[in-house]
file data_21.txt (compact mmCIF, N, CA, C and O atoms)
# COMPACT_ATOMS: atom_id res chain seq x y z
N MET A 72 -44.30 -3.17 -57.87
CA MET A 72 -43.37 -3.66 -58.87
C MET A 72 -43.46 -5.18 -58.94
O MET A 72 -43.48 -5.85 -57.90
N ILE A 73 -43.49 -5.70 -60.13
CA ILE A 73 -43.59 -7.14 -60.33
C ILE A 73 -42.19 -7.73 -60.47
O ILE A 73 -41.37 -7.25 -61.25
N VAL A 74 -41.93 -8.78 -59.71
CA VAL A 74 -40.67 -9.50 -59.82
C VAL A 74 -40.86 -10.62 -60.83
O VAL A 74 -41.73 -11.48 -60.66
N TRP A 75 -40.08 -10.58 -61.90
CA TRP A 75 -40.21 -11.57 -62.98
C TRP A 75 -39.30 -12.76 -62.71
O TRP A 75 -38.16 -12.60 -62.27
N GLU A 76 -39.80 -13.94 -63.00
CA GLU A 76 -39.00 -15.17 -62.90
C GLU A 76 -37.98 -15.18 -64.03
O GLU A 76 -38.31 -14.83 -65.16
N LYS A 77 -36.77 -15.61 -63.75
CA LYS A 77 -35.76 -15.72 -64.80
C LYS A 77 -35.96 -16.99 -65.62
O LYS A 77 -35.71 -17.02 -66.81
N ASP A 78 -36.40 -18.06 -64.96
CA ASP A 78 -36.61 -19.34 -65.63
C ASP A 78 -37.69 -20.10 -64.86
O ASP A 78 -37.54 -20.36 -63.67
N TYR A 79 -38.76 -20.45 -65.55
CA TYR A 79 -39.85 -21.15 -64.90
C TYR A 79 -39.51 -22.60 -64.60
O TYR A 79 -40.15 -23.24 -63.77
N LYS A 80 -38.54 -23.15 -65.29
CA LYS A 80 -38.10 -24.53 -65.11
C LYS A 80 -39.24 -25.52 -65.25
O LYS A 80 -39.28 -26.56 -64.59
N GLY A 81 -40.22 -25.17 -66.09
CA GLY A 81 -41.33 -26.07 -66.34
C GLY A 81 -42.35 -26.14 -65.22
O GLY A 81 -43.23 -27.00 -65.25
N ASN A 82 -42.25 -25.26 -64.23
CA ASN A 82 -43.17 -25.25 -63.11
C ASN A 82 -44.14 -24.07 -63.23
O ASN A 82 -43.72 -22.96 -63.56
N PRO A 83 -45.39 -24.29 -62.93
CA PRO A 83 -46.39 -23.23 -63.11
C PRO A 83 -46.41 -22.16 -62.02
O PRO A 83 -46.97 -21.08 -62.22
N GLU A 84 -45.79 -22.40 -60.87
CA GLU A 84 -45.94 -21.48 -59.73
C GLU A 84 -45.51 -20.05 -60.05
O GLU A 84 -46.23 -19.09 -59.73
N GLY A 85 -44.35 -19.87 -60.64
CA GLY A 85 -43.86 -18.53 -60.97
C GLY A 85 -44.74 -17.84 -61.99
O GLY A 85 -45.01 -16.63 -61.88
N VAL A 86 -45.21 -18.58 -62.96
CA VAL A 86 -46.08 -18.02 -64.00
C VAL A 86 -47.40 -17.57 -63.37
O VAL A 86 -47.89 -16.47 -63.65
N LEU A 87 -47.95 -18.40 -62.52
CA LEU A 87 -49.21 -18.06 -61.85
C LEU A 87 -49.06 -16.81 -60.99
O LEU A 87 -49.94 -15.95 -60.97
N ARG A 88 -47.94 -16.70 -60.30
CA ARG A 88 -47.69 -15.52 -59.47
C ARG A 88 -47.62 -14.26 -60.33
O ARG A 88 -48.21 -13.23 -60.00
N GLU A 89 -46.93 -14.35 -61.45
CA GLU A 89 -46.83 -13.19 -62.35
C GLU A 89 -48.20 -12.79 -62.91
O GLU A 89 -48.52 -11.60 -62.97
N ILE A 90 -49.00 -13.76 -63.29
CA ILE A 90 -50.35 -13.46 -63.80
C ILE A 90 -51.17 -12.76 -62.72
O ILE A 90 -51.84 -11.76 -63.00
N THR A 91 -51.09 -13.27 -61.50
CA THR A 91 -51.83 -12.65 -60.39
C THR A 91 -51.40 -11.19 -60.21
O THR A 91 -52.25 -10.30 -60.03
N GLU A 92 -50.11 -10.94 -60.25
CA GLU A 92 -49.60 -9.57 -60.10
C GLU A 92 -50.05 -8.68 -61.25
O GLU A 92 -50.44 -7.52 -61.03
N LEU A 93 -49.99 -9.18 -62.48
CA LEU A 93 -50.43 -8.39 -63.63
C LEU A 93 -51.92 -8.05 -63.52
O LEU A 93 -52.32 -6.91 -63.79
N GLU A 94 -52.72 -9.03 -63.15
CA GLU A 94 -54.16 -8.80 -63.01
C GLU A 94 -54.46 -7.81 -61.89
O GLU A 94 -55.39 -7.00 -62.00
N LYS A 95 -53.66 -7.86 -60.82
CA LYS A 95 -53.84 -6.92 -59.72
C LYS A 95 -53.56 -5.48 -60.18
O LYS A 95 -54.33 -4.57 -59.87
N VAL A 96 -52.50 -5.29 -60.94
CA VAL A 96 -52.18 -3.96 -61.46
C VAL A 96 -53.31 -3.46 -62.34
O VAL A 96 -53.75 -2.31 -62.22
N LEU A 97 -53.80 -4.32 -63.21
CA LEU A 97 -54.87 -3.91 -64.13
C LEU A 97 -56.17 -3.60 -63.38
O LEU A 97 -56.89 -2.67 -63.76
N SER A 98 -56.45 -4.33 -62.31
CA SER A 98 -57.67 -4.04 -61.56
C SER A 98 -57.54 -2.74 -60.76
O SER A 98 -58.51 -2.01 -60.58
N GLN A 99 -56.33 -2.44 -60.31
CA GLN A 99 -56.10 -1.19 -59.57
C GLN A 99 -56.06 0.03 -60.49
O GLN A 99 -56.42 1.13 -60.08
N TYR A 100 -55.60 -0.17 -61.73
CA TYR A 100 -55.45 0.93 -62.68
C TYR A 100 -56.06 0.54 -64.03
O TYR A 100 -55.35 0.35 -65.01
N PRO A 101 -57.37 0.40 -64.10
CA PRO A 101 -58.01 -0.09 -65.32
C PRO A 101 -57.85 0.81 -66.55
O PRO A 101 -57.94 0.33 -67.67
N ASP A 102 -57.56 2.07 -66.34
CA ASP A 102 -57.41 2.99 -67.46
C ASP A 102 -55.96 3.36 -67.74
O ASP A 102 -55.68 4.36 -68.40
N THR A 103 -55.04 2.56 -67.23
CA THR A 103 -53.62 2.85 -67.41
C THR A 103 -53.23 2.87 -68.89
O THR A 103 -53.79 2.13 -69.71
N SER A 104 -52.25 3.69 -69.20
CA SER A 104 -51.73 3.73 -70.57
C SER A 104 -50.94 2.45 -70.88
O SER A 104 -50.62 2.20 -72.05
N LEU A 105 -50.67 1.64 -69.89
CA LEU A 105 -49.94 0.38 -70.07
C LEU A 105 -50.88 -0.83 -70.22
O LEU A 105 -50.43 -1.97 -70.18
N LYS A 106 -52.15 -0.57 -70.42
CA LYS A 106 -53.14 -1.64 -70.47
C LYS A 106 -52.81 -2.69 -71.54
O LYS A 106 -52.85 -3.90 -71.27
N ALA A 107 -52.48 -2.26 -72.75
CA ALA A 107 -52.17 -3.21 -73.82
C ALA A 107 -50.95 -4.06 -73.46
O ALA A 107 -50.94 -5.28 -73.69
N GLU A 108 -49.95 -3.44 -72.87
CA GLU A 108 -48.75 -4.17 -72.47
C GLU A 108 -49.07 -5.21 -71.39
O GLU A 108 -48.61 -6.35 -71.46
N ILE A 109 -49.85 -4.82 -70.42
CA ILE A 109 -50.23 -5.73 -69.33
C ILE A 109 -51.05 -6.91 -69.87
O ILE A 109 -50.81 -8.06 -69.51
N LEU A 110 -51.98 -6.63 -70.76
CA LEU A 110 -52.78 -7.70 -71.35
C LEU A 110 -51.93 -8.63 -72.19
O LEU A 110 -52.10 -9.86 -72.16
N TYR A 111 -50.99 -8.06 -72.94
CA TYR A 111 -50.09 -8.88 -73.75
C TYR A 111 -49.25 -9.80 -72.87
O TYR A 111 -49.12 -11.00 -73.13
N LYS A 112 -48.68 -9.24 -71.81
CA LYS A 112 -47.85 -10.04 -70.91
C LYS A 112 -48.67 -11.11 -70.19
O LYS A 112 -48.19 -12.23 -69.97
N THR A 113 -49.91 -10.78 -69.86
CA THR A 113 -50.81 -11.77 -69.27
C THR A 113 -51.08 -12.90 -70.26
O THR A 113 -51.03 -14.09 -69.90
N ALA A 114 -51.36 -12.55 -71.50
CA ALA A 114 -51.63 -13.55 -72.54
C ALA A 114 -50.44 -14.48 -72.73
O ALA A 114 -50.60 -15.70 -72.82
N ARG A 115 -49.24 -13.91 -72.78
CA ARG A 115 -48.04 -14.74 -72.96
C ARG A 115 -47.85 -15.71 -71.80
O ARG A 115 -47.47 -16.86 -71.99
N ARG A 116 -48.14 -15.26 -70.60
CA ARG A 116 -47.98 -16.14 -69.46
C ARG A 116 -49.06 -17.22 -69.43
O ARG A 116 -48.79 -18.36 -69.06
N CYS A 117 -50.26 -16.87 -69.84
CA CYS A 117 -51.32 -17.89 -69.95
C CYS A 117 -50.94 -18.92 -71.01
O CYS A 117 -51.16 -20.12 -70.84
N ARG A 118 -50.35 -18.44 -72.09
CA ARG A 118 -49.90 -19.35 -73.15
C ARG A 118 -48.79 -20.26 -72.62
O ARG A 118 -48.74 -21.46 -72.95
N THR A 119 -47.89 -19.71 -71.83
CA THR A 119 -46.83 -20.52 -71.23
C THR A 119 -47.44 -21.61 -70.34
O THR A 119 -47.01 -22.77 -70.38
N LEU A 120 -48.44 -21.25 -69.54
CA LEU A 120 -49.11 -22.25 -68.70
C LEU A 120 -49.79 -23.32 -69.55
O LEU A 120 -49.72 -24.52 -69.23
N TYR A 121 -50.43 -22.90 -70.63
CA TYR A 121 -51.03 -23.86 -71.55
C TYR A 121 -49.98 -24.87 -72.01
O TYR A 121 -50.20 -26.08 -71.98
N GLU A 122 -48.82 -24.35 -72.41
CA GLU A 122 -47.77 -25.24 -72.92
C GLU A 122 -47.19 -26.13 -71.83
O GLU A 122 -46.88 -27.30 -72.07
N ILE A 123 -47.04 -25.60 -70.63
CA ILE A 123 -46.55 -26.43 -69.52
C ILE A 123 -47.51 -27.58 -69.27
O ILE A 123 -47.11 -28.74 -69.17
N TYR A 124 -48.81 -27.26 -69.16
CA TYR A 124 -49.80 -28.30 -68.87
C TYR A 124 -50.05 -29.24 -70.05
O TYR A 124 -50.43 -30.38 -69.86
N ALA A 125 -49.82 -28.77 -71.26
CA ALA A 125 -50.09 -29.61 -72.44
C ALA A 125 -48.90 -30.47 -72.84
O ALA A 125 -49.08 -31.58 -73.33
N PHE A 126 -47.67 -29.97 -72.64
CA PHE A 126 -46.50 -30.64 -73.22
C PHE A 126 -45.39 -30.99 -72.23
O PHE A 126 -44.33 -31.44 -72.65
N SER A 127 -45.59 -30.78 -70.96
CA SER A 127 -44.52 -31.00 -69.99
C SER A 127 -43.99 -32.43 -70.03
O SER A 127 -44.76 -33.38 -70.05
N PRO A 128 -42.66 -32.56 -70.01
CA PRO A 128 -42.07 -33.90 -69.92
C PRO A 128 -42.03 -34.41 -68.48
O PRO A 128 -41.70 -35.57 -68.25
N LYS A 129 -42.38 -33.54 -67.51
CA LYS A 129 -42.34 -33.95 -66.11
C LYS A 129 -43.52 -34.87 -65.78
O LYS A 129 -44.65 -34.57 -66.14
N PRO A 130 -43.25 -35.95 -65.06
CA PRO A 130 -44.33 -36.86 -64.69
C PRO A 130 -45.39 -36.14 -63.84
O PRO A 130 -45.06 -35.41 -62.92
N GLY A 131 -46.63 -36.35 -64.19
CA GLY A 131 -47.74 -35.80 -63.44
C GLY A 131 -48.06 -34.34 -63.70
O GLY A 131 -49.00 -33.81 -63.12
N MET A 132 -47.30 -33.66 -64.54
CA MET A 132 -47.53 -32.24 -64.78
C MET A 132 -48.58 -32.00 -65.87
O MET A 132 -49.30 -31.02 -65.82
N ARG A 133 -48.67 -32.91 -66.82
CA ARG A 133 -49.65 -32.71 -67.89
C ARG A 133 -51.08 -32.78 -67.36
O ARG A 133 -51.40 -33.64 -66.54
N ASN A 134 -51.89 -31.83 -67.84
CA ASN A 134 -53.26 -31.75 -67.39
C ASN A 134 -54.06 -31.12 -68.54
O ASN A 134 -53.99 -29.91 -68.75
N ALA A 135 -54.79 -31.95 -69.27
CA ALA A 135 -55.51 -31.49 -70.46
C ALA A 135 -56.55 -30.42 -70.13
O ALA A 135 -56.74 -29.46 -70.89
N GLU A 136 -57.21 -30.56 -68.99
CA GLU A 136 -58.24 -29.58 -68.61
C GLU A 136 -57.61 -28.21 -68.35
O GLU A 136 -58.09 -27.19 -68.86
N LYS A 137 -56.55 -28.18 -67.55
CA LYS A 137 -55.88 -26.91 -67.27
C LYS A 137 -55.27 -26.33 -68.55
O LYS A 137 -55.30 -25.12 -68.76
N ALA A 138 -54.70 -27.19 -69.38
CA ALA A 138 -54.12 -26.71 -70.64
C ALA A 138 -55.19 -26.01 -71.47
O ALA A 138 -54.96 -24.91 -72.00
N GLY A 139 -56.35 -26.62 -71.58
CA GLY A 139 -57.44 -26.01 -72.35
C GLY A 139 -57.90 -24.69 -71.75
O GLY A 139 -58.17 -23.72 -72.49
N GLN A 140 -57.97 -24.64 -70.43
CA GLN A 140 -58.39 -23.39 -69.76
C GLN A 140 -57.41 -22.26 -70.04
O GLN A 140 -57.82 -21.14 -70.35
N TYR A 141 -56.12 -22.55 -69.94
CA TYR A 141 -55.13 -21.50 -70.15
C TYR A 141 -54.96 -21.13 -71.62
O TYR A 141 -54.65 -19.98 -71.93
N ARG A 142 -55.21 -22.07 -72.51
CA ARG A 142 -55.19 -21.73 -73.93
C ARG A 142 -56.34 -20.75 -74.24
O ARG A 142 -56.15 -19.75 -74.93
N THR A 143 -57.51 -21.04 -73.70
CA THR A 143 -58.66 -20.16 -73.88
C THR A 143 -58.40 -18.79 -73.26
O THR A 143 -58.70 -17.76 -73.87
N LYS A 144 -57.83 -18.78 -72.07
CA LYS A 144 -57.54 -17.51 -71.40
C LYS A 144 -56.49 -16.72 -72.18
O LYS A 144 -56.59 -15.49 -72.27
N ALA A 145 -55.50 -17.39 -72.74
CA ALA A 145 -54.48 -16.70 -73.55
C ALA A 145 -55.13 -16.05 -74.77
O ALA A 145 -54.87 -14.87 -75.06
N LYS A 146 -55.98 -16.79 -75.46
CA LYS A 146 -56.65 -16.23 -76.64
C LYS A 146 -57.50 -15.03 -76.26
O LYS A 146 -57.51 -14.01 -76.97
N PHE A 147 -58.20 -15.12 -75.14
CA PHE A 147 -59.05 -14.02 -74.68
C PHE A 147 -58.20 -12.78 -74.35
O PHE A 147 -58.52 -11.66 -74.74
N ALA A 148 -57.08 -12.99 -73.65
CA ALA A 148 -56.21 -11.86 -73.28
C ALA A 148 -55.55 -11.25 -74.52
O ALA A 148 -55.41 -10.02 -74.60
N TYR A 149 -55.16 -12.08 -75.49
CA TYR A 149 -54.62 -11.52 -76.75
C TYR A 149 -55.68 -10.66 -77.43
O TYR A 149 -55.38 -9.58 -77.95
N GLN A 150 -56.91 -11.14 -77.44
CA GLN A 150 -58.00 -10.38 -78.07
C GLN A 150 -58.24 -9.07 -77.33
O GLN A 150 -58.43 -8.02 -77.96
N LEU A 151 -58.24 -9.09 -76.01
CA LEU A 151 -58.39 -7.86 -75.23
C LEU A 151 -57.25 -6.89 -75.53
O LEU A 151 -57.46 -5.68 -75.61
N CYS A 152 -56.05 -7.42 -75.69
CA CYS A 152 -54.90 -6.59 -76.04
C CYS A 152 -55.12 -5.91 -77.38
O CYS A 152 -54.85 -4.72 -77.54
N LEU A 153 -55.62 -6.67 -78.34
CA LEU A 153 -55.92 -6.08 -79.66
C LEU A 153 -56.95 -4.96 -79.53
O LEU A 153 -56.81 -3.91 -80.15
N ASP A 154 -57.96 -5.18 -78.71
CA ASP A 154 -59.01 -4.18 -78.52
C ASP A 154 -58.49 -2.94 -77.82
O ASP A 154 -58.99 -1.84 -78.04
N ALA A 155 -57.48 -3.10 -76.94
CA ALA A 155 -56.98 -2.00 -76.13
C ALA A 155 -55.75 -1.32 -76.72
O ALA A 155 -55.31 -0.30 -76.22
N SER A 156 -55.20 -1.85 -77.78
CA SER A 156 -53.86 -1.45 -78.19
C SER A 156 -53.74 -0.12 -78.91
O SER A 156 -52.68 0.45 -78.94
N ASP A 157 -54.78 0.37 -79.51
CA ASP A 157 -54.72 1.58 -80.34
C ASP A 157 -53.44 1.63 -81.19
O ASP A 157 -52.68 2.57 -81.18
N LYS A 158 -53.24 0.52 -81.90
CA LYS A 158 -52.16 0.38 -82.88
C LYS A 158 -50.75 0.42 -82.27
O LYS A 158 -49.80 0.82 -82.92
N SER A 159 -50.61 -0.01 -81.03
CA SER A 159 -49.29 -0.07 -80.41
C SER A 159 -48.55 -1.32 -80.89
O SER A 159 -49.12 -2.19 -81.54
N ASP A 160 -47.30 -1.39 -80.54
CA ASP A 160 -46.52 -2.59 -80.86
C ASP A 160 -47.13 -3.83 -80.22
O ASP A 160 -47.04 -4.93 -80.76
N TYR A 161 -47.75 -3.66 -79.06
CA TYR A 161 -48.34 -4.80 -78.37
C TYR A 161 -49.53 -5.36 -79.14
O TYR A 161 -49.78 -6.57 -79.11
N GLY A 162 -50.27 -4.51 -79.82
CA GLY A 162 -51.36 -5.00 -80.66
C GLY A 162 -50.83 -5.87 -81.79
O GLY A 162 -51.39 -6.94 -82.07
N GLN A 163 -49.76 -5.44 -82.43
CA GLN A 163 -49.16 -6.23 -83.51
C GLN A 163 -48.61 -7.55 -82.98
O GLN A 163 -48.79 -8.60 -83.59
N LYS A 164 -47.95 -7.50 -81.82
CA LYS A 164 -47.42 -8.72 -81.22
C LYS A 164 -48.56 -9.68 -80.85
O LYS A 164 -48.44 -10.89 -81.06
N ALA A 165 -49.63 -9.12 -80.30
CA ALA A 165 -50.77 -9.96 -79.92
C ALA A 165 -51.37 -10.63 -81.14
O ALA A 165 -51.70 -11.82 -81.10
N TRP A 166 -51.52 -9.89 -82.23
CA TRP A 166 -52.08 -10.46 -83.46
C TRP A 166 -51.20 -11.60 -83.96
O TRP A 166 -51.68 -12.68 -84.29
N SER A 167 -49.89 -11.37 -83.99
CA SER A 167 -48.96 -12.38 -84.48
C SER A 167 -48.97 -13.63 -83.59
O SER A 167 -48.99 -14.75 -84.08
N GLU A 168 -48.99 -13.42 -82.29
CA GLU A 168 -48.98 -14.57 -81.38
C GLU A 168 -50.31 -15.31 -81.34
O GLU A 168 -50.33 -16.52 -81.14
N LEU A 169 -51.39 -14.60 -81.54
CA LEU A 169 -52.70 -15.26 -81.63
C LEU A 169 -52.72 -16.19 -82.83
O LEU A 169 -53.17 -17.33 -82.74
N GLU A 170 -52.19 -15.72 -83.96
CA GLU A 170 -52.10 -16.57 -85.15
C GLU A 170 -51.19 -17.77 -84.91
O GLU A 170 -51.53 -18.89 -85.28
N SER A 171 -50.04 -17.54 -84.27
CA SER A 171 -49.11 -18.65 -84.05
C SER A 171 -49.68 -19.66 -83.06
O SER A 171 -49.44 -20.86 -83.19
N LEU A 172 -50.46 -19.18 -82.09
CA LEU A 172 -51.12 -20.11 -81.15
C LEU A 172 -52.12 -20.98 -81.91
O LEU A 172 -52.15 -22.20 -81.72
N ASP A 173 -52.88 -20.38 -82.80
CA ASP A 173 -53.85 -21.14 -83.60
C ASP A 173 -53.15 -22.14 -84.53
O ASP A 173 -53.72 -23.18 -84.86
N GLN A 174 -51.92 -21.83 -84.93
CA GLN A 174 -51.17 -22.72 -85.81
C GLN A 174 -50.40 -23.79 -85.04
O GLN A 174 -49.81 -24.68 -85.64
N GLY A 175 -50.42 -23.71 -83.72
CA GLY A 175 -49.76 -24.73 -82.90
C GLY A 175 -48.29 -24.46 -82.62
O GLY A 175 -47.60 -25.34 -82.10
N THR A 176 -47.82 -23.26 -82.92
CA THR A 176 -46.42 -22.92 -82.65
C THR A 176 -46.24 -22.74 -81.14
O THR A 176 -47.06 -22.11 -80.49
N ARG A 177 -45.15 -23.28 -80.63
CA ARG A 177 -44.88 -23.16 -79.20
C ARG A 177 -43.91 -22.02 -78.92
O ARG A 177 -43.01 -21.76 -79.72
N ILE A 178 -44.08 -21.35 -77.77
CA ILE A 178 -43.18 -20.27 -77.40
C ILE A 178 -42.31 -20.64 -76.20
O ILE A 178 -41.32 -19.98 -75.92
N TYR A 179 -42.69 -21.68 -75.49
CA TYR A 179 -41.95 -22.06 -74.28
C TYR A 179 -41.37 -23.45 -74.45
O TYR A 179 -42.11 -24.41 -74.64
N ILE A 180 -40.08 -23.53 -74.39
CA ILE A 180 -39.39 -24.82 -74.53
C ILE A 180 -38.93 -25.25 -73.15
O ILE A 180 -38.17 -24.55 -72.49
N MET A 181 -39.40 -26.39 -72.72
CA MET A 181 -39.04 -26.92 -71.40
C MET A 181 -37.82 -27.81 -71.51
O MET A 181 -37.67 -28.55 -72.47
N GLN A 182 -37.01 -27.72 -70.50
CA GLN A 182 -35.78 -28.53 -70.46
C GLN A 182 -36.02 -29.79 -69.66
O GLN A 182 -36.68 -29.83 -68.73
call {"tool": "encode", "arguments": {"input": "data_21.txt", "output": "structure tokens"}}
result
Amino acid sequence: MIVWEKDYKGNPEGVLREITELEKVLSQYPDTSLKAEILYKTARRCRTLYEIYAFSPKPGMRNAEKAGQYRTKAKFAYQLCLDASDKSDYGQKAWSELESLDQGTRIYIMQ
């Protein structure tokens, strides 16, 4: 069971832990019926990391290289979700969020 963070507080540690747990579930159960959901949740967390590293107001947190890596990983995971979704709600969500990512819309607002 994955323990979800209630608030990342602009720190990447909780997001990274969740991604690791999601990837572990997917590697243990590659043919799970929850594959699209897991990929979607992974993509959202990668996107959150992209935004933390790209836009953080915290001193020393911004990192253009990491931001670019997680933006690329988010796009890849959204695409995998689309490929795995067989017309589920997660496929539609992935399509919408992939478009919004390309348009520069942010999903994570840091305090």
call {"tool": "atom_distance", "arguments": {"input": "data_21.txt", "atom1": "atom C of Ala107 in chain A", "atom2": "atom N of Ile90 in chain A"}}
result
14.2 Å
call {"tool": "closest_residue", "arguments": {"input": "data_21.txt", "among": "A:Leu105, A:Ile123, A:Val74, A:Cys152", "to": "Glu89 in chain A", "atoms": "all atoms listed in the file"}}
result
A:Val74
call {"tool": "residues_around", "arguments": {"input": "data_21.txt", "residues": "range 125-140 of chain A", "least_positions_apart": "3", "cutoff": "10 Å", "atoms": "only C-alpha atoms", "output": "list in words"}}
result
Gly81, Asn82, Pro83, Cys117, Arg118, Thr119, Leu120, Tyr121, Glu122, Thr143, Lys144, Ala145, Arg177, Tyr179, Ile180, Met181 and Gln182 of chain A
call {"tool": "atom_distance", "arguments": {"input": "data_21.txt", "atom1": "CA of Lys77 in chain A", "atom2": "CA of Asp102 in chain A"}}
result
28.7 Å
call {"tool": "closest_residue", "arguments": {"input": "data_21.txt", "among": "A:Arg142, A:Tyr124, A:Glu108, A:Ala114", "to": "Gly162 in chain A", "atoms": "only C-alpha atoms"}}
result
A:Glu108
call {"tool": "atom_distance", "arguments": {"input": "data_21.txt", "atom1": "atom O of Lys164 in chain A", "atom2": "atom O of Gln99 in chain A"}}
result
25.5 Å
